[in-house]
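Enquirer: Handing you a structure now.
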Amino acid sequence: MNTEPRYNDIYYKSTTSQSKILDVVKNNTESLHNLPMPIDWEQLFGNKHPIEIEIGPGKGRFLLEASKQYQDINFVGVERAQKYVEITRTRFEKYMRHFSVDKKTGLFTNVRLVWTDANYFLTKYVPDTSVQTYHVYFPDPWPKARQQKRRIFRNKDFLNALARTLSSDNGKLYVLTDFAEYFDEIQERLGQHKMLKPVLSDPKPYKNITTNFEMKYRSEGREIYRAVYEKV
């Protein structure tokens, strides 16, 4: 049995042909393939603010709260499942409607949603050393033995892209999971990467903001495992 994922250009051509990028304020949707490779963040956002990327924003709670509180940071949510892209987009839409957000305030102009495969996005579109922070919260553990090769942290291209695209100036990766066995594997694989090193005393970023999964799992009494890595 193959324990590593096998991804290539043929695979991505068939799975990312419908990839899109969404502006949650303007409610604009554009084909990701219309953007340059790599992306020009300044052109995309119209500023030089730091870039933070959340891999798998799920229902979008962290993305919404973080982008609301830290408007001097540009946030990108990368989600493969169209269902969750739509849930996240709707979450922003409902918030703006419920609180009568005036678009002139600039709220949420620092957010983009990307519907595509995360590994494809990082390897093809994210410029070198351009990301200040990655957030990977509760990645799918694929618990069955035959599925485990799909785990994102088993993808060497993904790990290399994380390290390559992180800023050399205190760039960090934050990981949360409730799955102990997967957490051990994540630590092992990241520990083997020569460009990443664990940070033992780094506080949780945006400590007052949680994801939907974290709220659910903590209410169920599950243990949450956390790791922080920075670029060497």
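So you can find residues: chains in the structure tokens are A, B, ... in the order shown, residues in each start at 1, and ligands are numbered from 1 in order.
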Write down as a PyMOL selection string the residues of region 86-177 of chain A whose backbone DSSP state falls under strand (DSSP E or B).

Expert: chain A and resi 111-115+131+133-137+166+172-177

Enquirer: Residues as selected, all heavy atoms, written as a short mmCIF file (atom, residue, chain, number, x, y, z; two decimals), in the first residue's frame, can you do that?

Expert:
```cif
data_model
loop_
_atom_site.label_atom_id
_atom_site.label_comp_id
_atom_site.auth_asym_id
_atom_site.auth_seq_id
_atom_site.Cartn_x
_atom_site.Cartn_y
_atom_site.Cartn_z
N VAL A 111 -9.95 40.15 3.01
CA VAL A 111 -10.24 38.72 2.96
C VAL A 111 -10.44 38.25 1.52
O VAL A 111 -11.12 38.92 0.74
CB VAL A 111 -11.52 38.37 3.76
CG1 VAL A 111 -11.79 36.86 3.70
CG2 VAL A 111 -11.40 38.83 5.20
N ARG A 112 -9.86 37.08 1.21
CA ARG A 112 -10.17 36.40 -0.04
C ARG A 112 -10.38 34.92 0.28
O ARG A 112 -9.65 34.35 1.09
CB ARG A 112 -9.05 36.54 -1.07
CG ARG A 112 -8.80 37.95 -1.55
CD ARG A 112 -9.97 38.54 -2.32
NE ARG A 112 -9.64 39.85 -2.87
CZ ARG A 112 -9.74 40.99 -2.22
NH1 ARG A 112 -10.15 40.99 -0.94
NH2 ARG A 112 -9.43 42.14 -2.80
N LEU A 113 -11.37 34.33 -0.36
CA LEU A 113 -11.60 32.90 -0.27
C LEU A 113 -11.13 32.25 -1.56
O LEU A 113 -11.41 32.75 -2.65
CB LEU A 113 -13.08 32.58 -0.07
CG LEU A 113 -13.74 33.09 1.21
CD1 LEU A 113 -15.22 32.71 1.19
CD2 LEU A 113 -13.07 32.48 2.43
N VAL A 114 -10.43 31.14 -1.43
CA VAL A 114 -9.94 30.43 -2.61
C VAL A 114 -10.48 29.01 -2.58
O VAL A 114 -10.23 28.26 -1.64
CB VAL A 114 -8.40 30.41 -2.65
CG1 VAL A 114 -7.92 29.68 -3.91
CG2 VAL A 114 -7.82 31.81 -2.60
N TRP A 115 -11.25 28.69 -3.61
CA TRP A 115 -11.79 27.34 -3.75
C TRP A 115 -10.85 26.54 -4.64
O TRP A 115 -10.87 26.66 -5.85
CB TRP A 115 -13.20 27.38 -4.34
CG TRP A 115 -13.76 26.03 -4.70
CD1 TRP A 115 -13.56 24.87 -4.02
CD2 TRP A 115 -14.59 25.70 -5.82
NE1 TRP A 115 -14.21 23.83 -4.64
CE2 TRP A 115 -14.85 24.32 -5.75
CE3 TRP A 115 -15.13 26.45 -6.86
CZ2 TRP A 115 -15.64 23.66 -6.70
CZ3 TRP A 115 -15.92 25.79 -7.82
CH2 TRP A 115 -16.16 24.42 -7.73
N VAL A 131 4.43 34.76 3.03
CA VAL A 131 3.36 34.50 4.00
C VAL A 131 3.92 34.63 5.41
O VAL A 131 4.90 33.98 5.78
CB VAL A 131 2.77 33.09 3.80
CG1 VAL A 131 1.68 32.81 4.84
CG2 VAL A 131 2.21 32.95 2.39
N THR A 133 2.09 34.01 8.24
CA THR A 133 1.57 32.97 9.12
C THR A 133 0.67 32.00 8.35
O THR A 133 -0.13 32.44 7.51
CB THR A 133 0.73 33.58 10.27
OG1 THR A 133 1.51 34.56 10.95
CG2 THR A 133 0.30 32.50 11.26
N TYR A 134 0.82 30.73 8.65
CA TYR A 134 -0.13 29.71 8.18
C TYR A 134 -0.92 29.19 9.38
O TYR A 134 -0.35 28.95 10.45
CB TYR A 134 0.59 28.54 7.53
CG TYR A 134 0.95 28.76 6.09
CD1 TYR A 134 2.27 29.02 5.71
CD2 TYR A 134 -0.01 28.67 5.08
CE1 TYR A 134 2.62 29.22 4.38
CE2 TYR A 134 0.33 28.86 3.75
CZ TYR A 134 1.63 29.13 3.41
OH TYR A 134 1.96 29.32 2.09
N HIS A 135 -2.22 29.00 9.18
CA HIS A 135 -3.09 28.40 10.19
C HIS A 135 -3.66 27.11 9.60
O HIS A 135 -4.36 27.15 8.58
CB HIS A 135 -4.25 29.34 10.54
CG HIS A 135 -3.83 30.70 10.99
ND1 HIS A 135 -3.55 31.00 12.31
CD2 HIS A 135 -3.62 31.85 10.29
CE1 HIS A 135 -3.20 32.28 12.41
NE2 HIS A 135 -3.24 32.82 11.20
N VAL A 136 -3.37 25.99 10.23
CA VAL A 136 -3.93 24.70 9.80
C VAL A 136 -4.62 24.09 11.01
O VAL A 136 -3.98 23.49 11.87
CB VAL A 136 -2.86 23.75 9.24
CG1 VAL A 136 -3.52 22.50 8.64
CG2 VAL A 136 -1.99 24.44 8.19
N TYR A 137 -5.92 24.29 11.08
CA TYR A 137 -6.68 23.89 12.27
C TYR A 137 -7.62 22.72 11.95
O TYR A 137 -8.46 22.81 11.07
CB TYR A 137 -7.48 25.09 12.79
CG TYR A 137 -6.59 26.26 13.21
CD1 TYR A 137 -7.01 27.57 13.04
CD2 TYR A 137 -5.33 26.04 13.76
CE1 TYR A 137 -6.19 28.64 13.42
CE2 TYR A 137 -4.51 27.09 14.14
CZ TYR A 137 -4.95 28.39 13.97
OH TYR A 137 -4.13 29.43 14.34
N LEU A 166 6.85 30.63 3.56
CA LEU A 166 6.85 31.37 4.82
C LEU A 166 7.90 32.48 4.80
O LEU A 166 8.98 32.32 4.24
CB LEU A 166 7.14 30.43 5.99
CG LEU A 166 5.95 29.76 6.67
CD1 LEU A 166 6.45 28.78 7.74
CD2 LEU A 166 5.01 30.78 7.30
N LYS A 172 5.56 31.84 10.73
CA LYS A 172 5.15 30.75 11.62
C LYS A 172 4.01 29.92 11.03
O LYS A 172 3.19 30.41 10.25
CB LYS A 172 4.72 31.30 12.98
CG LYS A 172 5.88 31.74 13.87
CD LYS A 172 5.39 32.04 15.28
CE LYS A 172 6.55 32.30 16.23
NZ LYS A 172 7.29 33.51 15.87
N LEU A 173 3.98 28.67 11.48
CA LEU A 173 2.92 27.72 11.16
C LEU A 173 2.26 27.29 12.45
O LEU A 173 2.94 26.84 13.38
CB LEU A 173 3.49 26.50 10.43
CG LEU A 173 2.63 25.24 10.39
CD1 LEU A 173 1.38 25.45 9.55
CD2 LEU A 173 3.45 24.05 9.86
N TYR A 174 0.92 27.43 12.54
CA TYR A 174 0.17 27.00 13.72
C TYR A 174 -0.73 25.83 13.33
O TYR A 174 -1.44 25.88 12.32
CB TYR A 174 -0.69 28.15 14.25
CG TYR A 174 0.12 29.29 14.83
CD1 TYR A 174 0.52 30.36 14.03
CD2 TYR A 174 0.49 29.29 16.17
CE1 TYR A 174 1.27 31.40 14.55
CE2 TYR A 174 1.25 30.34 16.70
CZ TYR A 174 1.63 31.38 15.89
OH TYR A 174 2.38 32.41 16.41
N VAL A 175 -0.69 24.78 14.14
CA VAL A 175 -1.46 23.57 13.88
C VAL A 175 -2.26 23.19 15.11
O VAL A 175 -1.73 23.21 16.24
CB VAL A 175 -0.54 22.39 13.50
CG1 VAL A 175 -1.37 21.14 13.19
CG2 VAL A 175 0.33 22.74 12.31
N LEU A 176 -3.53 22.85 14.92
CA LEU A 176 -4.38 22.32 15.99
C LEU A 176 -5.06 21.05 15.49
O LEU A 176 -5.45 20.97 14.33
CB LEU A 176 -5.47 23.33 16.39
CG LEU A 176 -5.10 24.58 17.16
CD1 LEU A 176 -6.35 25.43 17.40
CD2 LEU A 176 -4.46 24.23 18.49
N THR A 177 -5.20 20.07 16.37
CA THR A 177 -5.96 18.87 16.05
C THR A 177 -6.43 18.22 17.35
O THR A 177 -5.85 18.45 18.41
CB THR A 177 -5.12 17.87 15.23
OG1 THR A 177 -5.92 16.71 14.93
CG2 THR A 177 -3.89 17.41 16.00
#
```

Enquirer: List every residue of region 20-156 of chain A that DSSP, applied to the backbone of this structure, places in helix (DSSP H, G or I), and write the result as a VMD selection string.

Expert: chain A and resid 32 to 34 41 to 45 61 to 69 82 to 98 103 to 105 118 to 124 145 to 150 152 to 154 156

Enquirer: Do you have the CA of Lys48 (chain A)-CA of Leu63 (chain A) distance handy?

Expert: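 Taking CA of Lys48 (chain A) and CA of Leu63 (chain A), their separation equals 19.3 Å.
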
Enquirer: Between A:Gln71, A:Arg151, A:Glu52, A:Leu196, single out the one closest to Thr105 (chain A), counting only C-alpha atoms.

Expert: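 Of all the options, A:Gln71 lies closest to Thr105 (chain A).
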
Enquirer: So how far away is CA of Arg80 (chain A) from CA of Ile152 (chain A), in Å?

Expert: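 Straight-line distance from CA of Ile152 (chain A) to CA of Arg80 (chain A) works out to 11.9 Å.
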
Enquirer: How far is it from CA of Trp41 (chain A) to CA of Tyr125 (chain A), in Å with one decimal?

Expert: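 Taking CA of Trp41 (chain A) and CA of Tyr125 (chain A), their separation equals 10.2 Å.
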
Enquirer: Pick from A:Ile186, A:Ser130, A:Thr109, A:Phe158: nearest to Ile55 (chain A), with only C-alpha atoms counted?

Expert: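 The answer is A:Phe158, which sits nearest to Ile55 (chain A).
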
Enquirer: List as JSON, numbers by chain the protein and nucleic acid residues near Phe62 (chain A), meaning an atom at most 7 Å away when only C-alpha atoms are counted, but skip any in the same chain fewer than 2 places from it.

Expert: {"A": [60, 64, 65, 66, 209, 210, 211]}
